[in-house]
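Text of the file start_25.cif, holding mmCIF, C-alpha atoms:
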data_run
#
loop_
_atom_site.group_PDB
_atom_site.id
_atom_site.type_symbol
_atom_site.label_atom_id
_atom_site.label_comp_id
_atom_site.auth_asym_id
_atom_site.auth_seq_id
_atom_site.Cartn_x
_atom_site.Cartn_y
_atom_site.Cartn_z
ATOM 1 C CA MET A 1 -3.707 131.971 45.598
ATOM 2 C CA VAL A 2 -4.655 132.176 49.238
ATOM 3 C CA PHE A 3 -2.364 134.081 51.565
ATOM 4 C CA THR A 4 -2.585 132.630 55.025
ATOM 5 C CA THR A 5 -0.060 134.838 56.803
ATOM 6 C CA VAL A 6 0.440 138.604 56.935
ATOM 7 C CA ILE A 7 4.135 138.261 56.234
ATOM 8 C CA ASN A 8 3.407 137.441 52.620
ATOM 9 C CA PHE A 9 1.962 140.945 52.027
ATOM 10 C CA VAL A 10 5.345 142.606 52.677
ATOM 11 C CA ARG A 11 6.675 144.124 49.465
ATOM 12 C CA ALA A 12 9.843 142.161 48.707
ATOM 13 C CA ARG A 13 10.586 140.925 45.235
ATOM 14 C CA GLY A 14 13.646 139.027 44.258
ATOM 15 C CA PRO A 15 17.041 139.628 45.798
ATOM 16 C CA ASP A 16 17.986 142.924 47.351
ATOM 17 C CA GLU A 17 18.176 145.852 44.897
ATOM 18 C CA ILE A 18 21.754 146.651 45.881
ATOM 19 C CA TRP A 19 22.939 143.215 44.959
ATOM 20 C CA ARG A 20 21.006 143.220 41.713
ATOM 21 C CA LYS A 21 22.587 146.558 40.728
ATOM 22 C CA ARG A 22 25.979 145.527 41.984
ATOM 23 C CA ARG A 23 26.015 142.684 39.493
ATOM 24 C CA ILE A 24 25.582 145.214 36.642
ATOM 25 C CA PHE A 25 28.103 147.679 38.111
ATOM 26 C CA LYS A 26 30.713 144.958 38.325
ATOM 27 C CA LEU A 27 30.365 144.355 34.603
ATOM 28 C CA ALA A 28 30.490 148.121 33.976
ATOM 29 C CA ALA A 29 33.572 148.680 36.141
ATOM 30 C CA HIS A 30 35.887 149.422 33.236
ATOM 31 C CA PHE A 31 33.518 151.831 31.428
ATOM 32 C CA ILE A 32 34.175 155.564 31.299
ATOM 33 C CA GLY A 33 32.140 158.388 32.854
ATOM 34 C CA ARG A 34 28.508 158.113 33.887
ATOM 35 C CA ARG A 35 28.089 154.785 32.159
ATOM 36 C CA ARG A 36 29.960 153.150 35.030
ATOM 37 C CA ASN A 37 28.357 155.143 37.869
ATOM 38 C CA CYS A 38 24.684 155.686 36.964
ATOM 39 C CA TYR A 39 22.684 152.489 37.013
ATOM 40 C CA SER A 40 20.171 153.340 34.303
ATOM 41 C CA ILE A 41 22.961 154.246 31.871
ATOM 42 C CA ALA A 42 25.226 151.427 33.023
ATOM 43 C CA VAL A 43 22.641 148.722 32.497
ATOM 44 C CA ARG A 44 22.019 149.862 28.913
ATOM 45 C CA ASN A 45 25.702 149.796 28.088
ATOM 46 C CA VAL A 46 26.260 146.488 29.825
ATOM 47 C CA HIS A 47 23.530 144.917 27.710
ATOM 48 C CA ARG A 48 25.126 146.370 24.589
ATOM 49 C CA ALA A 49 28.550 145.134 25.660
ATOM 50 C CA LEU A 50 27.227 141.643 26.242
ATOM 51 C CA VAL A 51 25.706 141.626 22.746
ATOM 52 C CA TYR A 52 29.061 142.709 21.302
ATOM 53 C CA ALA A 53 30.782 139.974 23.271
ATOM 54 C CA THR A 54 28.395 137.381 21.874
ATOM 55 C CA LYS A 55 28.934 138.551 18.303
ATOM 56 C CA GLY A 56 32.663 138.903 18.916
ATOM 57 C CA ARG A 57 33.106 135.246 19.736
ATOM 58 C CA LYS A 58 32.160 134.382 16.173
ATOM 59 C CA LEU A 59 34.012 137.305 14.582
ATOM 60 C CA LYS A 60 37.196 136.412 16.414
ATOM 61 C CA ARG A 61 37.149 132.922 14.942
ATOM 62 C CA GLU A 62 36.592 134.323 11.445
ATOM 63 C CA ASP A 63 39.340 136.936 11.807
ATOM 64 C CA MET A 64 41.836 134.384 13.018
ATOM 65 C CA ALA A 65 40.939 132.034 10.159
ATOM 66 C CA ASN A 66 41.468 134.886 7.678
ATOM 67 C CA LEU A 67 44.824 135.740 9.211
ATOM 68 C CA TRP A 68 45.983 132.133 9.099
ATOM 69 C CA GLU A 69 44.936 131.828 5.500
ATOM 70 C CA THR A 70 46.783 135.036 4.572
ATOM 71 C CA ARG A 71 49.926 133.724 6.221
ATOM 72 C CA VAL A 72 49.710 130.308 4.599
ATOM 73 C CA ARG A 73 49.071 131.922 1.211
ATOM 74 C CA ALA A 74 52.152 134.092 1.708
ATOM 75 C CA GLY A 75 54.196 131.032 2.609
ATOM 76 C CA CYS A 76 52.923 129.093 -0.415
ATOM 77 C CA GLU A 77 53.723 132.003 -2.702
ATOM 78 C CA GLN A 78 57.339 131.993 -1.565
ATOM 79 C CA HIS A 79 57.623 128.402 -2.765
ATOM 80 C CA ASN A 80 55.740 128.874 -6.038
ATOM 81 C CA ILE A 81 52.671 126.844 -5.237
ATOM 82 C CA SER A 82 49.123 128.121 -4.996
ATOM 83 C CA TYR A 83 47.232 127.779 -1.733
ATOM 84 C CA GLU A 84 44.578 125.578 -3.332
ATOM 85 C CA SER A 85 47.081 123.117 -4.834
ATOM 86 C CA PHE A 86 48.988 123.094 -1.565
ATOM 87 C CA ARG A 87 45.971 122.123 0.530
ATOM 88 C CA GLU A 88 44.836 119.610 -2.091
ATOM 89 C CA GLY A 89 48.296 118.031 -2.250
ATOM 90 C CA LEU A 90 48.524 117.756 1.522
ATOM 91 C CA ALA A 91 45.049 116.257 1.777
ATOM 92 C CA ARG A 92 45.903 113.649 -0.835
ATOM 93 C CA CYS A 93 49.039 112.743 1.129
ATOM 94 C CA ASN A 94 46.857 112.316 4.201
ATOM 95 C CA ILE A 95 48.656 115.179 5.979
ATOM 96 C CA LEU A 96 45.678 116.615 7.784
ATOM 97 C CA LEU A 97 47.019 119.862 9.248
ATOM 98 C CA ASN A 98 44.628 122.715 9.859
ATOM 99 C CA ARG A 99 45.113 126.332 8.844
ATOM 100 C CA ARG A 100 46.315 127.324 12.279
ATOM 101 C CA THR A 101 49.084 124.741 12.360
ATOM 102 C CA LEU A 102 50.125 125.531 8.794
ATOM 103 C CA ALA A 103 50.251 129.259 9.594
ATOM 104 C CA ASP A 104 52.373 128.597 12.680
ATOM 105 C CA LEU A 105 54.728 126.483 10.606
ATOM 106 C CA ALA A 106 54.919 129.122 7.855
ATOM 107 C CA CYS A 107 55.709 131.808 10.425
ATOM 108 C CA TRP A 108 57.978 130.052 12.906
ATOM 109 C CA GLU A 109 59.263 126.951 11.092
ATOM 110 C CA PRO A 110 59.958 128.048 7.517
ATOM 111 C CA TYR A 111 62.043 124.974 6.708
ATOM 112 C CA SER A 112 59.349 122.563 7.934
ATOM 113 C CA PHE A 113 56.848 124.516 5.874
ATOM 114 C CA LYS A 114 59.085 124.266 2.828
ATOM 115 C CA SER A 115 59.238 120.497 3.162
ATOM 116 C CA LEU A 116 55.438 120.452 3.313
ATOM 117 C CA THR A 117 55.221 122.484 0.116
ATOM 118 C CA ASP A 118 57.708 120.096 -1.513
ATOM 119 C CA ILE A 119 55.547 117.114 -0.589
ATOM 120 C CA ALA A 120 52.413 118.860 -1.843
ATOM 121 C CA LYS A 121 54.150 119.820 -5.095
ATOM 122 C CA ARG A 122 55.394 116.269 -5.658
ATOM 123 C CA ARG A 123 51.938 114.895 -5.025
ATOM 124 C CA THR A 124 50.174 117.387 -7.309
ATOM 125 C CA LEU A 125 52.745 116.597 -10.026
ATOM 126 C CA ASP A 126 52.194 112.864 -9.595
ATOM 127 C CA ASP A 127 48.434 113.241 -9.748
ATOM 128 C CA GLY A 128 48.689 115.524 -12.757
ATOM 129 C CA LEU A 129 46.951 118.520 -11.219
ATOM 130 C CA ALA A 130 47.200 121.808 -13.065
ATOM 131 C CA GLY A 131 49.324 124.783 -12.108
ATOM 132 C CA ILE A 132 52.513 123.079 -10.980
ATOM 133 C CA ASN A 133 55.771 123.217 -12.887
ATOM 134 C CA ALA A 134 58.171 120.295 -12.664
ATOM 135 C CA ASP A 135 61.257 121.062 -10.621
ATOM 136 C CA LYS A 136 64.446 119.030 -10.591
ATOM 137 C CA TYR A 137 64.653 119.439 -6.845
ATOM 138 C CA LEU A 138 61.382 117.573 -6.389
ATOM 139 C CA ASP A 139 62.813 114.329 -7.849
ATOM 140 C CA ARG A 140 64.263 113.229 -4.530
ATOM 141 C CA ILE A 141 60.930 113.520 -2.710
ATOM 142 C CA ILE A 142 58.803 110.419 -2.457
ATOM 143 C CA THR A 143 55.149 110.394 -1.575
ATOM 144 C CA ARG A 144 52.869 107.442 -1.189
ATOM 145 C CA GLY A 145 51.302 108.339 -4.523
ATOM 146 C CA SER A 146 54.605 108.364 -6.413
ATOM 147 C CA LEU A 147 55.474 104.946 -4.961
ATOM 148 C CA ASN A 148 52.214 103.566 -6.282
ATOM 149 C CA THR A 149 52.722 104.977 -9.746
ATOM 150 C CA GLU A 150 56.210 103.463 -10.004
ATOM 151 C CA LYS A 151 54.906 99.942 -9.404
ATOM 152 C CA MET B 1 70.070 136.844 22.005
ATOM 153 C CA SER B 2 72.876 135.453 19.935
ATOM 154 C CA VAL B 3 74.440 137.375 17.084
ATOM 155 C CA LEU B 4 72.837 135.052 14.547
ATOM 156 C CA LYS B 5 69.358 135.458 16.006
ATOM 157 C CA ARG B 6 69.779 139.214 16.125
ATOM 158 C CA VAL B 7 70.755 139.404 12.497
ATOM 159 C CA GLN B 8 67.932 137.022 11.619
ATOM 160 C CA GLN B 9 65.481 139.366 13.282
ATOM 161 C CA TRP B 10 66.842 142.357 11.391
ATOM 162 C CA ALA B 11 66.560 140.440 8.180
ATOM 163 C CA THR B 12 63.011 139.337 8.955
ATOM 164 C CA PHE B 13 61.716 142.813 9.706
ATOM 165 C CA ALA B 14 63.813 144.712 7.170
ATOM 166 C CA ARG B 15 61.847 146.638 4.561
ATOM 167 C CA ILE B 16 62.487 145.429 1.051
ATOM 168 C CA TRP B 17 62.220 147.715 -1.968
ATOM 169 C CA HIS B 18 60.394 146.292 -4.957
ATOM 170 C CA LEU B 19 60.293 147.568 -8.513
ATOM 171 C CA TYR B 20 57.168 147.294 -10.658
ATOM 172 C CA ASP B 21 56.919 148.276 -14.294
ATOM 173 C CA ALA B 22 53.362 149.511 -14.901
ATOM 174 C CA ALA B 23 53.687 149.756 -18.683
ATOM 175 C CA TRP B 24 50.664 148.186 -20.383
ATOM 176 C CA GLN B 25 49.280 146.909 -17.080
ATOM 177 C CA ASN B 26 45.738 147.193 -15.790
ATOM 178 C CA PRO B 27 46.023 149.590 -12.814
ATOM 179 C CA PHE B 28 43.132 147.984 -10.923
ATOM 180 C CA TYR B 29 44.534 144.469 -11.090
ATOM 181 C CA SER B 30 48.002 145.872 -10.386
ATOM 182 C CA ALA B 31 46.600 147.593 -7.304
ATOM 183 C CA GLU B 32 45.575 144.249 -5.810
ATOM 184 C CA LEU B 33 49.089 142.987 -6.421
ATOM 185 C CA LEU B 34 50.898 146.064 -5.097
ATOM 186 C CA LYS B 35 48.618 146.246 -2.057
ATOM 187 C CA LYS B 36 49.918 142.887 -0.917
ATOM 188 C CA TYR B 37 53.529 144.075 -0.986
ATOM 189 C CA LEU B 38 52.757 147.448 0.594
ATOM 190 C CA MET B 39 50.859 145.875 3.497
ATOM 191 C CA GLY B 40 53.313 143.016 3.921
ATOM 192 C CA ALA B 41 50.642 140.368 3.265
ATOM 193 C CA HIS B 42 53.167 138.460 1.129
ATOM 194 C CA LYS B 43 55.145 137.561 4.265
ATOM 195 C CA PRO B 44 54.199 134.680 6.574
ATOM 196 C CA ILE B 45 54.775 136.987 9.559
ATOM 197 C CA TYR B 46 51.919 139.250 8.434
ATOM 198 C CA HIS B 47 49.620 140.704 11.045
ATOM 199 C CA PRO B 48 47.434 143.807 10.651
ATOM 200 C CA MET B 49 49.198 145.434 13.612
ATOM 201 C CA ASN B 50 52.644 144.279 12.535
ATOM 202 C CA ASP B 51 54.473 147.011 10.635
ATOM 203 C CA CYS B 52 56.049 144.741 8.053
ATOM 204 C CA GLY B 53 55.055 146.403 4.753
ATOM 205 C CA ASP B 54 57.583 146.925 1.981
ATOM 206 C CA HIS B 55 58.328 149.814 -0.355
ATOM 207 C CA VAL B 56 57.239 149.603 -3.974
ATOM 208 C CA ILE B 57 58.613 151.787 -6.746
ATOM 209 C CA VAL B 58 56.331 151.887 -9.769
ATOM 210 C CA ILE B 59 57.789 153.109 -13.050
ATOM 211 C CA ASN B 60 56.139 153.972 -16.372
ATOM 212 C CA SER B 61 52.799 154.798 -14.774
ATOM 213 C CA SER B 62 51.979 157.030 -17.763
ATOM 214 C CA ASP B 63 51.802 153.870 -19.910
ATOM 215 C CA ILE B 64 49.110 152.072 -17.914
ATOM 216 C CA ALA B 65 46.334 150.393 -19.897
ATOM 217 C CA LEU B 66 42.722 150.755 -18.826
ATOM 218 C CA PRO B 67 40.394 147.999 -20.018
ATOM 219 C CA GLY B 68 37.751 148.641 -22.670
ATOM 220 C CA ASP B 69 36.535 152.235 -22.949
ATOM 221 C CA GLU B 70 37.333 153.059 -19.327
ATOM 222 C CA TRP B 71 39.461 156.055 -20.285
ATOM 223 C CA LYS B 72 36.250 157.708 -21.472
ATOM 224 C CA LYS B 73 33.780 156.176 -19.031
ATOM 225 C CA ARG B 74 35.556 156.076 -15.662
ATOM 226 C CA VAL B 75 34.838 159.200 -13.621
ATOM 227 C CA TYR B 76 36.695 160.527 -10.593
ATOM 228 C CA PHE B 77 34.591 162.554 -8.177
ATOM 229 C CA HIS B 78 35.826 165.426 -6.065
ATOM 230 C CA HIS B 79 33.969 167.833 -3.816
ATOM 231 C CA THR B 80 35.496 170.993 -2.404
ATOM 232 C CA GLY B 81 33.010 171.075 0.466
ATOM 233 C CA TYR B 82 31.370 174.319 -0.681
ATOM 234 C CA PRO B 83 27.916 174.363 -2.315
ATOM 235 C CA GLY B 84 28.273 173.579 -5.990
ATOM 236 C CA GLY B 85 31.786 172.363 -5.359
ATOM 237 C CA ALA B 86 31.313 168.962 -6.942
ATOM 238 C CA SER B 87 33.411 168.099 -9.957
ATOM 239 C CA TRP B 88 33.681 165.009 -12.095
ATOM 240 C CA THR B 89 36.901 164.271 -13.967
ATOM 241 C CA LEU B 90 37.190 161.622 -16.658
ATOM 242 C CA ALA B 91 40.033 159.161 -16.392
ATOM 243 C CA TRP B 92 41.799 160.481 -19.479
ATOM 244 C CA GLU B 93 41.597 164.043 -18.153
ATOM 245 C CA LEU B 94 43.007 163.010 -14.797
ATOM 246 C CA HIS B 95 45.752 161.046 -16.526
ATOM 247 C CA LYS B 96 46.675 164.096 -18.595
ATOM 248 C CA LYS B 97 46.880 166.254 -15.447
ATOM 249 C CA ASP B 98 48.977 163.782 -13.486
ATOM 250 C CA PRO B 99 49.975 160.432 -14.992
ATOM 251 C CA THR B 100 50.483 158.872 -11.552
ATOM 252 C CA LEU B 101 47.063 159.599 -10.077
ATOM 253 C CA VAL B 102 44.982 156.829 -11.692
ATOM 254 C CA LEU B 103 47.282 154.146 -10.321
ATOM 255 C CA LYS B 104 47.641 155.875 -6.974
ATOM 256 C CA LYS B 105 43.893 156.099 -6.496
ATOM 257 C CA ALA B 106 43.476 152.498 -7.613
ATOM 258 C CA VAL B 107 45.888 151.323 -4.904
ATOM 259 C CA TYR B 108 44.356 153.648 -2.320
ATOM 260 C CA ASN B 109 40.824 152.438 -3.042
ATOM 261 C CA SER B 110 41.839 148.778 -3.034
ATOM 262 C CA MET B 111 42.821 149.008 0.631
ATOM 263 C CA ASP B 112 40.468 149.125 3.596
ATOM 264 C CA GLY B 113 39.851 152.600 4.959
ATOM 265 C CA ASN B 114 41.648 152.413 8.282
ATOM 266 C CA LEU B 115 44.233 154.558 10.038
ATOM 267 C CA GLN B 116 47.078 152.547 8.556
ATOM 268 C CA ARG B 117 46.117 153.275 4.940
ATOM 269 C CA ARG B 118 47.762 156.718 4.714
ATOM 270 C CA TYR B 119 51.031 155.369 6.112
ATOM 271 C CA THR B 120 50.921 152.377 3.804
ATOM 272 C CA MET B 121 50.494 154.705 0.833
ATOM 273 C CA GLU B 122 53.638 156.564 1.899
ATOM 274 C CA ARG B 123 55.591 153.456 0.937
ATOM 275 C CA LEU B 124 54.334 153.589 -2.641
ATOM 276 C CA HIS B 125 56.522 155.627 -4.985
ATOM 277 C CA ILE B 126 55.047 156.146 -8.443
ATOM 278 C CA PHE B 127 56.948 157.669 -11.350
ATOM 279 C CA PRO B 128 55.393 158.477 -14.729
ATOM 280 C CA ASP B 129 58.495 157.325 -16.616
ATOM 281 C CA ALA B 130 61.637 155.335 -15.939
ATOM 282 C CA ASN B 131 63.479 158.281 -14.353
ATOM 283 C CA VAL B 132 63.813 157.276 -10.714
ATOM 284 C CA PRO B 133 66.068 159.236 -8.336
ATOM 285 C CA SER B 134 69.266 157.285 -7.794
ATOM 286 C CA ASN B 135 68.904 157.325 -3.993
ATOM 287 C CA LEU B 136 65.642 155.356 -4.352
ATOM 288 C CA LEU B 137 66.981 153.193 -7.144
ATOM 289 C CA SER B 138 69.914 152.050 -5.030
ATOM 290 C CA ASN B 139 67.531 150.489 -2.463
ATOM 291 C CA ILE B 140 65.793 148.169 -4.912
ATOM 292 C CA SER B 141 66.463 144.484 -4.395
ATOM 293 C CA ASN B 142 63.466 142.788 -6.016
ATOM 294 C CA GLN B 143 61.320 143.093 -9.095
ATOM 295 C CA ILE B 144 57.594 142.285 -9.077
ATOM 296 C CA LYS B 145 56.569 140.270 -12.097
ATOM 297 C CA GLN B 146 54.179 142.054 -14.426
ATOM 298 C CA LEU B 147 50.656 140.689 -14.586
ATOM 299 C CA ARG B 148 50.860 140.402 -18.360
ATOM 300 C CA PRO B 149 53.834 140.665 -20.712
ATOM 301 C CA LYS B 150 54.286 143.973 -22.439
ATOM 302 C CA PRO B 151 53.648 143.529 -26.167
ATOM 303 C CA LYS B 152 56.260 144.868 -28.560
ATOM 304 C CA ARG B 153 55.051 147.240 -31.253
ATOM 305 C CA LEU B 154 56.108 146.807 -34.858
ATOM 306 C CA ASP B 155 58.031 150.091 -34.867
ATOM 307 C CA GLU B 156 60.095 148.909 -31.896
ATOM 308 C CA TYR B 157 61.624 146.094 -33.945
ATOM 309 C CA THR B 158 64.788 146.839 -35.873
ATOM 310 C CA GLU B 159 64.815 146.646 -39.655
ATOM 311 C CA LYS B 160 67.035 143.563 -39.447
ATOM 312 C CA GLU B 161 64.615 141.690 -37.144
ATOM 313 C CA ILE B 162 61.719 142.434 -39.482
ATOM 314 C CA GLN B 163 63.699 141.203 -42.476
ATOM 315 C CA GLU B 164 64.732 138.012 -40.693
ATOM 316 C CA PHE B 165 61.227 137.213 -39.452
ATOM 317 C CA PRO B 166 60.127 133.913 -41.018
ATOM 318 C CA LYS B 167 57.748 134.588 -43.864
ATOM 319 C CA LEU B 168 54.712 132.403 -44.450
ATOM 320 C CA ILE B 169 54.210 133.254 -48.103
ATOM 321 C CA ASP B 170 56.109 135.031 -50.843
ATOM 322 C CA LEU B 171 53.801 137.501 -52.503
ATOM 323 C CA PRO B 172 54.089 137.689 -56.300
ATOM 324 C CA LYS B 173 55.970 140.661 -57.734
ATOM 325 C CA ASN B 174 52.901 142.238 -59.284
ATOM 326 C CA HIS B 175 50.789 141.859 -56.113
ATOM 327 C CA ILE B 176 49.420 145.208 -55.012
ATOM 328 C CA LEU B 177 49.481 145.961 -51.285
ATOM 329 C CA ARG B 178 47.149 148.753 -50.303
#

How does this structure look as structure tokens?
Amino acid sequence: MVFTTVINFVRARGPDEIWRKRRIFKLAAHFIGRRRNCYSIAVRNVHRALVYATKGRKLKREDMANLWETRVRAGCEQHNISYESFREGLARCNILLNRRTLADLACWEPYSFKSLTDIAKRRTLDDGLAGINADKYLDRIITRGSLNTEK
Amino acid sequence: MSVLKRVQQWATFARIWHLYDAAWQNPFYSAELLKKYLMGAHKPIYHPMNDCGDHVIVINSSDIALPGDEWKKRVYFHHTGYPGGASWTLAWELHKKDPTLVLKKAVYNSMDGNLQRRYTMERLHIFPDANVPSNLLSNISNQIKQLRPKPKRLDEYTEKEIQEFPKLIDLPKNHILR
């Protein structure tokens, strides 16, 4: 490269150092001790924190999914149906609710959740899946499957 | 908050006392079951930071059944912290020292090692026999179903029940039973 003007020899790389460091310090503002005040320590910890944040995005999804499943399992257990039969029964009735919605229903809308378990039980009974005991209460519940079998 | 809602909230967060009969039960499978009740994971309101665990009273822990030859093979390790302070205790020895410890350790080890574990264990009350203090017994409002039914030994049947049991064959008079 040919430098035609003297001004190009002035040592100036990138943006100003203050602004470059300020960006790191802003991310380190809530750290404790020297890791928020000394740049060389702050930048290390900021990098580590950003890695944790990246990993945490995935872990958070997994943790929430586990929590929802625990709650739905607990709800199913109260109504004497296993989680697997419950999800299978709902899927066969074309009730496509995800774990989050089911967990919210189990927690906040216990009666709505009970009606869902009733539908799933009826459907698993109609389709002859294992692990469900016939219940007199279920006789008044009609699913699309039970209508088809009656014809 | 209306009176109904207030009472509903009390009822939701009230601690329930469960009774579990450990006679003839596998302590390690039972631990998975009891853990759920102690942590409150059997409630749809469960959250790791939600203090919704229940109390469990376990009776007849001296009659637990370990699978296979685990009484002789399972070893409990303890270290005093001093050099040469390691000791290994067989399950049957530990059970003879304290008939509640095998089950207690099984429940303790089945849970994750976090700060909540010690407090969760406080809600587990294990008794080697059926003698439970009446102040604890009066709290019980639920019974946890045993994992497997307790078999009845022949000497626990009355003479009348044995006589009335339907016989398959009538042995001849001169048949010799050894």

For chain A, report every residue with an atom at most 8 Å from chain B (counting all atoms listed in the file), formatted as an mmCIF file with C-alpha atoms, keeping the file's coordinate frame.
data_model
loop_
_atom_site.group_PDB
_atom_site.id
_atom_site.type_symbol
_atom_site.label_atom_id
_atom_site.label_comp_id
_atom_site.auth_asym_id
_atom_site.auth_seq_id
_atom_site.Cartn_x
_atom_site.Cartn_y
_atom_site.Cartn_z
ATOM 1 C CA LEU A 67 44.824 135.740 9.211
ATOM 2 C CA THR A 70 46.783 135.036 4.572
ATOM 3 C CA ARG A 71 49.926 133.724 6.221
ATOM 4 C CA VAL A 72 49.710 130.308 4.599
ATOM 5 C CA ARG A 73 49.071 131.922 1.211
ATOM 6 C CA ALA A 74 52.152 134.092 1.708
ATOM 7 C CA GLY A 75 54.196 131.032 2.609
ATOM 8 C CA GLU A 77 53.723 132.003 -2.702
ATOM 9 C CA ALA A 103 50.251 129.259 9.594
ATOM 10 C CA ALA A 106 54.919 129.122 7.855
ATOM 11 C CA CYS A 107 55.709 131.808 10.425
#

Who sits within 10 Å of Leu27 (chain A), all atoms listed in the file, same chain under 5 positions skipped, as a PyMOL selection string:
chain A and resi 22+36+42-43+45-47+49-50

For the file shown, report as a PyMOL selection string the outcome of the PyMOL selection byres ((chain B and resi 21) around 12) at residue level.
chain B and resi 18-20+22-27+30+34+56-64+103+125-132+142-150

On this structure, which residues satisfy the PyMOL selection byres ((chain A and resi 82) around 12), written as a list in words?
Glu69, Val72, Arg73, Ala74, Gly75, Cys76, Glu77, Gln78, His79, Asn80, Ile81, Tyr83, Glu84, Ser85, Phe86, Arg87, Glu88, Gly89, Thr117, Ala120, Lys121, Thr124, Leu129, Ala130, Gly131, Ile132 and Asn133 of chain A

Out of B:Asp155, B:Glu93, B:Glu122, B:Asp69, which residue has the shortest atom-to-atom distance to Met39 (chain B) when counting all atoms listed in the file?
B:Glu122

One-decimal distance in Å that lies between CA of His78 (chain B) and CA of Leu90 (chain B):
11.3 Å

Suppose you want the space between CA of Pro133 (chain B) and CA of Gly53 (chain B); what is it in Å?
21.4 Å

What is the CA of Gly84 (chain B) to CA of Thr100 (chain B) distance in Å?
27.2 Å

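Near (26.2, 154.6, 29.6), the residues inside the 12 Å limit, counting all atoms listed in the file, come to Ile24, Phe25, Ala28, Ala29, His30, Phe31, Ile32, Gly33, Arg34, Arg35, Arg36, Asn37, Cys38, Tyr39, Ser40, Ile41, Ala42, Val43, Arg44, Asn45, Val46, His47, Arg48 and Ala49 of chain A.
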
Set the distance at 12 Å and use only C-alpha atoms: which residues neighbour Ala65 (chain A) once local chain neighbours fewer than 6 positions away are removed? I'd like the list as a PyMOL selection string.
chain A and resi 58-59+71-72+98-103

Of the residues B:Thr89, B:Asn109, B:Ser141, B:Ser2, which is the one nearest to Asp54 (chain B), using all atoms listed in the file?
B:Ser141

Padding of 5 Å on every side, edges along x, y and z, all listed atoms of region 82-85 of chain A included: what centre and edge lengths in Å, to one decimal, does that box have, as JSON?
{"center_x": 46.9, "center_y": 125.6, "center_z": -3.4, "size_x": 14.5, "size_y": 15.0, "size_z": 13.3}

Test item: the PyMOL selection byres ((chain B and resi 121) around 10) resolved as a PyMOL selection string
chain B and resi 35+38-39+55-56+104-105+107-108+111+116-120+122-125
